[in-house]
file data30.txt (compact mmCIF, C-alpha atoms)
# COMPACT_ATOMS: atom_id res chain seq x y z
CA MET D 9 -4.96 -21.85 14.63
CA THR D 10 -7.81 -22.18 12.18
CA ALA D 11 -7.65 -22.30 8.41
CA THR D 12 -8.28 -19.25 6.28
CA LEU D 13 -11.09 -16.98 7.44
CA GLU D 14 -13.39 -15.09 5.14
CA VAL D 15 -15.20 -11.82 5.68
CA ASP D 16 -18.84 -11.30 4.75
CA PRO D 17 -18.94 -8.39 2.25
CA THR D 18 -22.39 -7.44 3.57
CA THR D 19 -21.03 -6.78 7.07
CA ASP D 20 -22.32 -3.51 8.51
CA ILE D 21 -19.83 -0.67 8.33
CA ASP D 22 -19.97 2.89 9.61
CA PRO D 23 -20.73 5.12 6.59
CA GLN D 24 -18.09 7.59 7.75
CA ILE D 25 -15.47 4.85 7.54
CA LEU D 26 -16.46 4.26 3.91
CA LEU D 27 -16.09 7.98 3.27
CA GLY D 28 -12.70 7.91 4.99
CA ILE D 29 -11.57 5.05 2.76
CA TYR D 30 -12.70 6.93 -0.35
CA THR D 31 -10.98 10.14 0.75
CA ILE D 32 -7.59 8.42 0.90
CA ALA D 33 -8.15 6.21 -2.15
CA ALA D 34 -9.12 9.21 -4.27
CA LYS D 35 -5.96 11.03 -3.24
CA ILE D 36 -3.82 8.01 -4.18
CA LYS D 37 -5.51 7.66 -7.59
CA MET D 38 -5.19 11.36 -8.37
CA TYR D 39 -1.56 11.41 -7.29
CA ASP D 40 -0.71 8.36 -9.40
CA ASP D 41 -2.51 9.76 -12.44
CA THR D 42 -0.55 13.00 -12.05
CA TYR D 43 2.78 11.20 -11.71
CA ILE D 44 2.13 9.07 -14.80
CA SER D 45 1.16 12.18 -16.76
CA MET D 46 4.38 13.90 -15.75
CA LEU D 47 6.42 10.88 -16.82
CA GLN D 48 4.66 10.78 -20.18
CA THR D 49 5.30 14.47 -20.81
CA GLY D 50 8.93 14.35 -19.68
CA LYS D 51 8.32 16.54 -16.63
CA ALA D 52 9.44 13.69 -14.36
CA THR D 53 12.07 11.01 -14.81
CA GLY D 54 13.41 8.05 -12.90
CA MET D 55 11.85 4.87 -11.57
CA TYR D 56 8.17 4.77 -10.68
CA TYR D 57 6.01 1.74 -9.89
CA SER D 58 2.32 2.50 -10.14
CA PRO D 59 -0.08 1.00 -7.56
CA ARG D 60 -3.10 1.98 -9.68
CA GLY D 61 -5.96 -0.43 -8.95
CA GLN D 62 -4.71 -1.26 -5.44
CA GLU D 63 -5.86 1.94 -3.69
CA ILE D 64 -8.53 0.44 -1.43
CA ILE D 65 -6.15 -1.83 0.50
CA PRO D 66 -4.03 0.76 2.36
CA SER D 67 -6.96 3.20 2.54
CA ALA D 68 -8.97 0.63 4.50
CA ILE D 69 -6.03 -0.35 6.71
CA ALA D 70 -5.45 3.33 7.51
CA GLN D 71 -8.87 3.46 9.19
CA VAL D 72 -7.67 1.19 12.01
CA LEU D 73 -4.08 2.38 12.46
CA THR D 74 -2.87 5.23 14.66
CA LYS D 75 -0.04 7.60 13.84
CA GLU D 76 2.08 5.68 16.36
CA ASP D 77 1.64 2.38 14.47
CA TYR D 78 4.21 1.32 11.91
CA VAL D 79 4.03 0.53 8.20
CA LEU D 80 6.66 -0.97 5.94
CA THR D 81 6.29 -1.31 2.21
CA ILE D 82 8.00 -2.25 -1.03
CA TYR D 83 9.02 -0.09 -4.01
CA ARG D 84 5.48 -0.29 -5.44
CA GLY D 85 4.28 1.38 -2.29
CA ILE D 86 3.40 5.00 -2.84
CA HIS D 87 -0.22 4.15 -2.00
CA ASP D 88 0.95 2.74 1.35
CA GLN D 89 3.07 5.84 1.98
CA ILE D 90 0.26 8.26 1.20
CA ALA D 91 -2.22 6.27 3.29
CA LYS D 92 0.12 6.32 6.31
CA GLY D 93 0.24 10.10 6.08
CA VAL D 94 3.67 10.88 4.67
CA PRO D 95 3.46 14.58 3.62
CA LEU D 96 3.05 14.83 -0.16
CA ARG D 97 5.64 17.61 -0.46
CA GLU D 98 8.42 15.59 1.15
CA LEU D 99 7.31 12.36 -0.51
CA THR D 100 7.35 13.87 -4.01
CA ALA D 101 10.67 15.60 -3.46
CA GLU D 102 12.18 12.28 -2.40
CA PHE D 103 10.94 10.63 -5.57
CA PHE D 104 12.54 13.51 -7.50
CA GLY D 105 15.85 13.09 -5.61
CA ARG D 106 15.69 16.59 -4.10
CA VAL D 107 16.93 17.88 -0.73
CA GLY D 108 13.37 18.61 0.38
CA GLY D 109 12.61 14.90 0.37
CA THR D 110 12.00 12.61 3.31
CA CYS D 111 15.60 11.37 3.07
CA LYS D 112 17.07 14.59 1.64
CA GLY D 113 16.82 13.06 -1.83
CA LYS D 114 19.27 10.27 -1.04
CA GLY D 115 16.80 7.41 -0.71
CA GLY D 116 14.68 7.89 -3.78
CA PRO D 117 11.52 5.87 -4.49
CA MET D 118 13.18 2.61 -3.44
CA HIS D 119 13.99 3.76 0.09
CA VAL D 120 11.38 6.25 1.26
CA THR D 121 11.23 6.50 5.04
CA HIS D 122 9.40 8.97 7.29
CA PRO D 123 9.39 7.81 10.93
CA GLU D 124 7.35 10.86 11.99
CA SER D 125 4.41 9.36 10.09
CA GLY D 126 5.17 5.77 11.10
CA LEU D 127 6.43 4.87 7.63
CA ILE D 128 9.49 3.01 8.84
CA VAL D 129 11.07 1.91 5.60
CA THR D 130 10.53 1.15 1.92
CA THR D 131 12.60 -1.73 0.62
CA GLY D 132 13.94 -2.22 -2.87
CA VAL D 133 14.41 -5.98 -2.50
CA VAL D 134 11.28 -8.11 -2.85
CA GLY D 135 10.28 -9.69 0.48
CA SER D 136 13.02 -8.05 2.52
CA GLY D 137 10.54 -6.01 4.52
CA LEU D 138 9.02 -8.99 6.32
CA PRO D 139 11.91 -9.82 8.67
CA ILE D 140 12.45 -6.09 9.24
CA ALA D 141 8.79 -5.84 10.29
CA ASN D 142 9.38 -8.57 12.82
CA GLY D 143 12.19 -6.53 14.32
CA VAL D 144 10.01 -3.43 14.52
CA ALA D 145 7.18 -5.44 16.09
CA LEU D 146 9.57 -7.07 18.56
CA SER D 147 10.73 -3.62 19.64
CA ALA D 148 7.14 -2.57 20.40
CA GLN D 149 6.56 -5.84 22.25
CA MET D 150 9.69 -5.41 24.38
CA ARG D 151 8.87 -1.77 25.15
CA GLY D 152 5.40 -2.78 26.25
CA THR D 153 3.51 -0.48 23.87
CA ASP D 154 0.37 -1.39 21.93
CA GLN D 155 1.88 -0.34 18.59
CA VAL D 156 1.08 -2.55 15.60
CA THR D 157 3.34 -3.12 12.61
CA VAL D 158 1.87 -3.63 9.14
CA VAL D 159 4.10 -4.88 6.33
CA ASN D 160 2.94 -4.81 2.71
CA PHE D 161 4.30 -7.00 -0.07
CA GLY D 162 3.26 -8.64 -3.32
CA ASP D 163 2.42 -12.23 -4.17
CA GLY D 164 5.89 -12.80 -5.64
CA ALA D 165 7.45 -12.10 -2.24
CA THR D 166 5.73 -15.13 -0.75
CA ASN D 167 7.99 -17.44 -2.75
CA ILE D 168 11.24 -16.36 -1.14
CA GLY D 169 12.78 -17.64 2.05
CA ALA D 170 12.35 -14.44 4.04
CA PHE D 171 8.55 -14.77 3.85
CA HIS D 172 8.57 -18.19 5.48
CA GLU D 173 11.23 -17.32 8.05
CA ALA D 174 9.36 -14.17 9.07
CA MET D 175 6.01 -15.93 9.30
CA ASN D 176 7.49 -18.68 11.47
CA LEU D 177 9.29 -16.35 13.87
CA ALA D 178 6.34 -13.97 14.17
CA SER D 179 4.16 -16.91 15.17
CA VAL D 180 6.71 -18.36 17.61
CA TRP D 181 7.19 -14.98 19.31
CA ASN D 182 3.52 -13.95 19.02
CA LEU D 183 4.53 -10.62 17.50
CA PRO D 184 2.10 -7.71 16.96
CA VAL D 185 2.51 -7.71 13.20
CA VAL D 186 0.08 -7.89 10.27
CA PHE D 187 1.42 -9.35 7.03
CA VAL D 188 -0.50 -7.90 4.07
CA CYS D 189 -0.03 -9.65 0.74
CA GLN D 190 -1.39 -7.36 -1.96
CA ASN D 191 -1.99 -10.10 -4.51
CA ASN D 192 -2.21 -8.15 -7.77
CA GLN D 193 -1.91 -11.41 -9.75
CA TYR D 194 1.51 -10.62 -11.24
CA ALA D 195 5.05 -10.90 -9.86
CA GLU D 196 6.66 -8.38 -12.20
CA TYR D 197 5.97 -10.14 -15.55
CA THR D 198 4.91 -13.58 -14.22
CA ALA D 199 1.27 -14.51 -13.66
CA PHE D 200 0.40 -15.79 -10.17
CA ALA D 201 -0.40 -19.37 -11.26
CA GLN D 202 2.86 -19.65 -13.19
CA GLY D 203 5.03 -18.92 -10.19
CA THR D 204 3.14 -20.04 -7.09
CA SER D 205 2.21 -23.63 -6.25
CA ALA D 206 -0.43 -22.77 -3.62
CA ALA D 207 -3.99 -22.06 -4.72
CA GLN D 208 -3.96 -19.06 -2.43
CA ILE D 209 -1.29 -17.45 -0.29
CA THR D 210 -3.26 -17.82 2.93
CA ASP D 211 -3.00 -21.63 2.63
CA ARG D 212 0.61 -21.18 3.72
CA ALA D 213 -0.40 -19.61 7.03
CA ILE D 214 -1.69 -22.97 8.28
CA GLY D 215 1.87 -24.27 8.42
CA TYR D 216 2.81 -21.47 10.76
CA SER D 217 -0.30 -21.70 13.00
CA MET D 218 -1.22 -18.19 11.97
CA ARG D 219 -4.60 -16.52 11.63
CA ALA D 220 -5.30 -15.66 7.98
CA PHE D 221 -7.91 -13.73 6.02
CA HIS D 222 -8.44 -14.09 2.28
CA VAL D 223 -10.42 -11.09 1.02
CA ASN D 224 -11.27 -9.09 -2.04
CA GLY D 225 -8.86 -6.21 -1.53
CA ASN D 226 -10.92 -4.00 -3.82
CA ASN D 227 -13.99 -4.38 -1.60
CA PRO D 228 -13.77 -1.70 1.12
CA VAL D 229 -15.97 -3.62 3.57
CA GLU D 230 -14.06 -6.88 3.33
CA MET D 231 -10.71 -5.12 3.45
CA TYR D 232 -11.65 -2.93 6.40
CA GLU D 233 -13.11 -5.79 8.44
CA ALA D 234 -10.08 -8.03 7.90
CA ALA D 235 -7.74 -5.18 8.82
CA ARG D 236 -9.81 -4.32 11.89
CA GLN D 237 -9.75 -7.86 13.25
CA ALA D 238 -6.06 -8.34 12.46
CA VAL D 239 -4.96 -5.05 14.01
CA ASP D 240 -7.19 -5.56 17.07
CA ALA D 241 -5.63 -8.99 17.61
CA ALA D 242 -2.11 -7.65 17.29
CA ARG D 243 -2.81 -4.72 19.60
CA THR D 244 -4.28 -6.90 22.34
CA GLY D 245 -1.68 -9.66 22.44
CA GLY D 246 -3.34 -11.93 19.90
CA GLY D 247 -0.27 -12.18 17.73
CA PRO D 248 0.27 -11.98 13.98
CA THR D 249 -2.16 -12.29 11.07
CA LEU D 250 -1.69 -12.86 7.35
CA ILE D 251 -4.09 -11.00 5.06
CA GLU D 252 -4.21 -11.94 1.39
CA ALA D 253 -5.96 -9.10 -0.42
CA ASP D 254 -6.81 -9.93 -4.02
CA THR D 255 -6.49 -6.96 -6.33
CA TYR D 256 -5.23 -6.10 -9.82
CA ARG D 257 -2.41 -3.93 -11.13
CA PHE D 258 -3.84 -1.63 -13.82
CA ARG D 259 -0.48 -0.52 -15.18
CA GLY D 260 2.65 -2.46 -16.15
CA HIS D 261 5.53 -3.37 -13.90
CA THR D 262 7.07 -0.08 -15.01
CA PRO D 263 5.53 2.76 -17.03
CA GLN D 264 7.47 1.50 -20.08
CA ASP D 265 6.06 -2.03 -19.80
CA PRO D 266 3.85 -2.88 -22.86
CA MET D 267 1.90 -5.39 -20.69
CA GLU D 268 1.77 -8.02 -23.44
CA TYR D 269 1.75 -10.83 -20.86
CA MET D 270 -1.55 -9.60 -19.40
CA PRO D 271 -4.64 -10.78 -21.36
CA LYS D 272 -6.54 -7.82 -22.77
CA GLU D 273 -9.90 -9.24 -21.67
CA GLU D 274 -8.60 -9.68 -18.13
CA ARG D 275 -7.35 -6.11 -17.99
CA ALA D 276 -10.55 -4.74 -19.45
CA ALA D 277 -12.65 -6.56 -16.86
CA ALA D 278 -10.48 -5.31 -14.00
CA GLU D 279 -10.53 -1.73 -15.22
CA ALA D 280 -14.31 -1.86 -15.68
CA ALA D 281 -14.53 -2.70 -11.97
CA ASP D 282 -12.14 0.10 -10.97
CA PRO D 283 -12.57 0.19 -7.16
CA VAL D 284 -12.18 3.93 -6.63
CA PRO D 285 -14.99 5.18 -8.89
CA ALA D 286 -17.04 2.18 -7.74
CA LEU D 287 -16.77 3.37 -4.15
CA ARG D 288 -17.57 6.92 -5.24
CA ARG D 289 -20.78 5.71 -6.88
CA ARG D 290 -21.69 3.78 -3.73
CA LEU D 291 -21.27 6.85 -1.54
CA LEU D 292 -23.65 8.78 -3.77
CA GLU D 293 -26.19 5.97 -4.20
CA GLU D 294 -26.40 5.33 -0.44
CA GLY D 295 -26.59 9.02 0.40
CA ILE D 296 -23.38 8.93 2.42
CA ALA D 297 -22.04 11.98 0.60
CA THR D 298 -23.28 14.46 -1.97
CA GLU D 299 -21.64 15.24 -5.30
CA GLU D 300 -20.65 18.62 -3.90
CA GLN D 301 -19.00 17.07 -0.83
CA LEU D 302 -16.99 14.64 -2.94
CA LYS D 303 -15.95 17.41 -5.31
CA ASP D 304 -14.73 19.47 -2.35
CA ILE D 305 -12.61 16.50 -1.23
CA GLU D 306 -11.19 16.03 -4.72
CA ASP D 307 -10.52 19.75 -5.20
CA ALA D 308 -8.55 19.78 -1.94
CA HIS D 309 -6.55 16.78 -3.15
CA ARG D 310 -5.89 18.54 -6.47
CA ALA D 311 -4.51 21.59 -4.71
CA GLU D 312 -2.33 19.51 -2.38
CA ILE D 313 -0.95 17.38 -5.22
CA ASP D 314 -0.18 20.39 -7.44
CA ASP D 315 1.54 22.08 -4.50
CA ALA D 316 3.61 18.95 -3.80
CA PHE D 317 4.88 18.64 -7.37
CA ALA D 318 5.68 22.37 -7.52
CA PHE D 319 7.58 22.07 -4.24
CA ALA D 320 9.55 19.08 -5.51
CA GLU D 321 10.45 20.77 -8.78
CA ALA D 322 11.66 23.85 -6.93
CA SER D 323 13.73 21.90 -4.42
CA PRO D 324 17.44 21.64 -5.38
CA GLN D 325 19.35 18.42 -5.82
CA PRO D 326 21.65 17.40 -2.94
CA ASP D 327 25.04 19.09 -2.95
CA LEU D 328 28.04 16.87 -3.61
CA SER D 329 29.37 17.81 -0.16
CA GLU D 330 26.45 15.86 1.32
CA LEU D 331 27.55 12.61 -0.30
CA HIS D 332 28.93 11.06 2.89
CA THR D 333 26.63 12.58 5.51
CA ASP D 334 23.82 10.62 7.20
CA LEU D 335 25.66 7.37 6.49
CA VAL D 336 26.32 4.64 9.06

call {"tool": "encode", "arguments": {"input": "data30.txt", "output": "structure tokens"}}
result
Amino acid sequence: MTATLEVDPTTDIDPQILLGIYTIAAKIKMYDDTYISMLQTGKATGMYYSPRGQEIIPSAIAQVLTKEDYVLTIYRGIHDQIAKGVPLRELTAEFFGRVGGTCKGKGGPMHVTHPESGLIVTTGVVGSGLPIANGVALSAQMRGTDQVTVVNFGDGATNIGAFHEAMNLASVWNLPVVFVCQNNQYAEYTAFAQGTSAAQITDRAIGYSMRAFHVNGNNPVEMYEAARQAVDAARTGGGPTLIEADTYRFRGHTPQDPMEYMPKEERAAAEAADPVPALRRRLLEEGIATEEQLKDIEDAHRAEIDDAFAFAEASPQPDLSELHTDLV
């Protein structure tokens, strides 16, 4: 297999695909902003890991996946869950620990799952989703379907054993899986260069004879094209691909994180290049959508998000009698 591949950011792309990416990315941003606001005003409690700044990655991947394809993610994965189509009502109720949630409020944000949407599992242990993805992909391979499995993880996950074991086995078995490293430059509180010896994550794919793309995950064209080629390869028997999507985490590891380890100039530069409003400006400048059309999209998101939070707040907590049901 070749070394890391790169995608030309000037590659032609269907304007409607760009609009599709924005539609999902805008929903993720608005949902995250709402959740953070509720935490700050005490209307929501519990653990929440913001994906703000990383919206383009799953929104672009979603353009090439079907409902029958699978996605796995990590606890900082609400953008992946929304992009795969998990209903906002059930998703929010699960985060709130209510019976109306995807797991009846028993999984919480660390363990969201919604097989009806193809969101197989959310893991609370860094890197643990990769070998699980191999199992899901192996199932599709053995059943003879063309289903593709996408597993999302951060740069910190690439330094644990499960990453290397999963990459090796996926390559040996030629599994239909796409490994997506959302490299937001920080593994919790540790900067990428302080915890990773490789210059880039995709360098590690060479050791496993695996196709790899290193892209700007905030560029919708690069991200879409890498996802398209990786998913096409997996769906047609071409085996696994590693995508390293460079991005930046706008908020701290948790909402309470003061972010003192992140240089202010670095943060300011990243926020100035915020990918969601940047894509919105592009749609207007290139005449792909009008201001009125985009406002209609955003108004629909606003109504759906408000409805989801109202539904979650109204949903009761699980009864104690349910403590031992749904367990294996």

call {"tool": "residues_around", "arguments": {"input": "data30.txt", "residues": "region 173-188 of chain D", "least_positions_apart": "6", "cutoff": "6 Å", "atoms": "only C-alpha atoms", "output": "ChimeraX atom specification"}}
result
/D:138-139,145,156-160,216,242,247-251

call {"tool": "write_last_selection", "arguments": {"input": "data30.txt", "atoms": "C-alpha atoms", "output": "mmCIF file, in the coordinates of the input"}}
result
data_model
loop_
_atom_site.group_PDB
_atom_site.id
_atom_site.type_symbol
_atom_site.label_atom_id
_atom_site.label_comp_id
_atom_site.auth_asym_id
_atom_site.auth_seq_id
_atom_site.Cartn_x
_atom_site.Cartn_y
_atom_site.Cartn_z
ATOM 1 C CA LEU D 138 9.020 -8.990 6.320
ATOM 2 C CA PRO D 139 11.910 -9.820 8.670
ATOM 3 C CA ALA D 145 7.180 -5.440 16.090
ATOM 4 C CA VAL D 156 1.080 -2.550 15.600
ATOM 5 C CA THR D 157 3.340 -3.120 12.610
ATOM 6 C CA VAL D 158 1.870 -3.630 9.140
ATOM 7 C CA VAL D 159 4.100 -4.880 6.330
ATOM 8 C CA ASN D 160 2.940 -4.810 2.710
ATOM 9 C CA TYR D 216 2.810 -21.470 10.760
ATOM 10 C CA ALA D 242 -2.110 -7.650 17.290
ATOM 11 C CA GLY D 247 -0.270 -12.180 17.730
ATOM 12 C CA PRO D 248 0.270 -11.980 13.980
ATOM 13 C CA THR D 249 -2.160 -12.290 11.070
ATOM 14 C CA LEU D 250 -1.690 -12.860 7.350
ATOM 15 C CA ILE D 251 -4.090 -11.000 5.060
#

call {"tool": "atom_distance", "arguments": {"input": "data30.txt", "atom1": "CA of Asn227 (chain D)", "atom2": "CA of Ile65 (chain D)"}}
result
8.5 Å

call {"tool": "atom_distance", "arguments": {"input": "data30.txt", "atom1": "CA of Leu287 (chain D)", "atom2": "CA of Val229 (chain D)"}}
result
10.4 Å

call {"tool": "residues_near_point", "arguments": {"input": "data30.txt", "point": "(9.3, 8.4, 5.1)", "cutoff": "10 Å", "atoms": "only C-alpha atoms", "output": "PyMOL selection string"}}
result
chain D and resi 79-80+89-90+92-95+98-99+102+109-111+115+119-130

call {"tool": "residues_around", "arguments": {"input": "data30.txt", "residues": "region 23-26 of chain D", "least_positions_apart": "4", "cutoff": "10 Å", "atoms": "all atoms listed in the file", "output": "VMD selection string"}}
result
chain D and resid 30 to 31 67 to 68 71 to 72 228 to 229 232 287 to 288 290 to 291 294 to 297

call {"tool": "residues_around", "arguments": {"input": "data30.txt", "residues": "Arg257 (chain D)", "least_positions_apart": "6", "cutoff": "8 Å", "atoms": "only C-alpha atoms", "output": "PyMOL selection string"}}
result
chain D and resi 59-62+192-194

call {"tool": "closest_residue", "arguments": {"input": "data30.txt", "among": "D:Ser45, D:Thr18, D:Ser323, D:Gln190", "to": "Thr81 (chain D)", "atoms": "all atoms listed in the file"}}
result
D:Gln190

call {"tool": "residues_around", "arguments": {"input": "data30.txt", "residues": "Ser136 (chain D)", "least_positions_apart": "4", "cutoff": "9 Å", "atoms": "only C-alpha atoms", "output": "list of chain:residue names"}}
result
D:Ile82, D:Thr131, D:Gly132, D:Ile140, D:Ala165, D:Ala170, D:Phe171

call {"tool": "closest_residue", "arguments": {"input": "data30.txt", "among": "D:Thr204, D:Pro66, D:Phe104, D:Arg259", "to": "Lys51 (chain D)", "atoms": "all atoms listed in the file"}}
result
D:Phe104

call {"tool": "atom_distance", "arguments": {"input": "data30.txt", "atom1": "CA of Tyr197 (chain D)", "atom2": "CA of Ala33 (chain D)"}}
result
25.4 Å

call {"tool": "closest_residue", "arguments": {"input": "data30.txt", "among": "D:Met231, D:Ala238, D:Leu328, D:Leu47", "to": "Met218 (chain D)", "atoms": "only C-alpha atoms"}}
result
D:Ala238

call {"tool": "residues_near_point", "arguments": {"input": "data30.txt", "point": "(7.5, -6.0, -13.2)", "cutoff": "7 Å", "atoms": "all atoms listed in the file", "output": "number ranges by chain"}}
result
D: 195-197, 260-262

call {"tool": "closest_residue", "arguments": {"input": "data30.txt", "among": "D:Ala101, D:Glu321, D:Pro263, D:Leu331", "to": "Ile44 (chain D)", "atoms": "only C-alpha atoms"}}
result
D:Pro263

call {"tool": "closest_residue", "arguments": {"input": "data30.txt", "among": "D:Ala206, D:Lys114, D:Gly108, D:His87", "to": "Glu330 (chain D)", "atoms": "all atoms listed in the file"}}
result
D:Lys114

call {"tool": "residues_around", "arguments": {"input": "data30.txt", "residues": "Glu274 (chain D)", "least_positions_apart": "3", "cutoff": "12 Å", "atoms": "all atoms listed in the file", "output": "list of chain:residue names"}}
result
D:Gln193, D:Ala199, D:Tyr256, D:Arg257, D:Phe258, D:Met267, D:Glu268, D:Tyr269, D:Met270, D:Pro271, D:Ala277, D:Ala278, D:Glu279, D:Ala280, D:Ala281

call {"tool": "closest_residue", "arguments": {"input": "data30.txt", "among": "D:Lys75, D:Lys112, D:Asp40, D:Asp154", "to": "Thr244 (chain D)", "atoms": "all atoms listed in the file"}}
result
D:Asp154
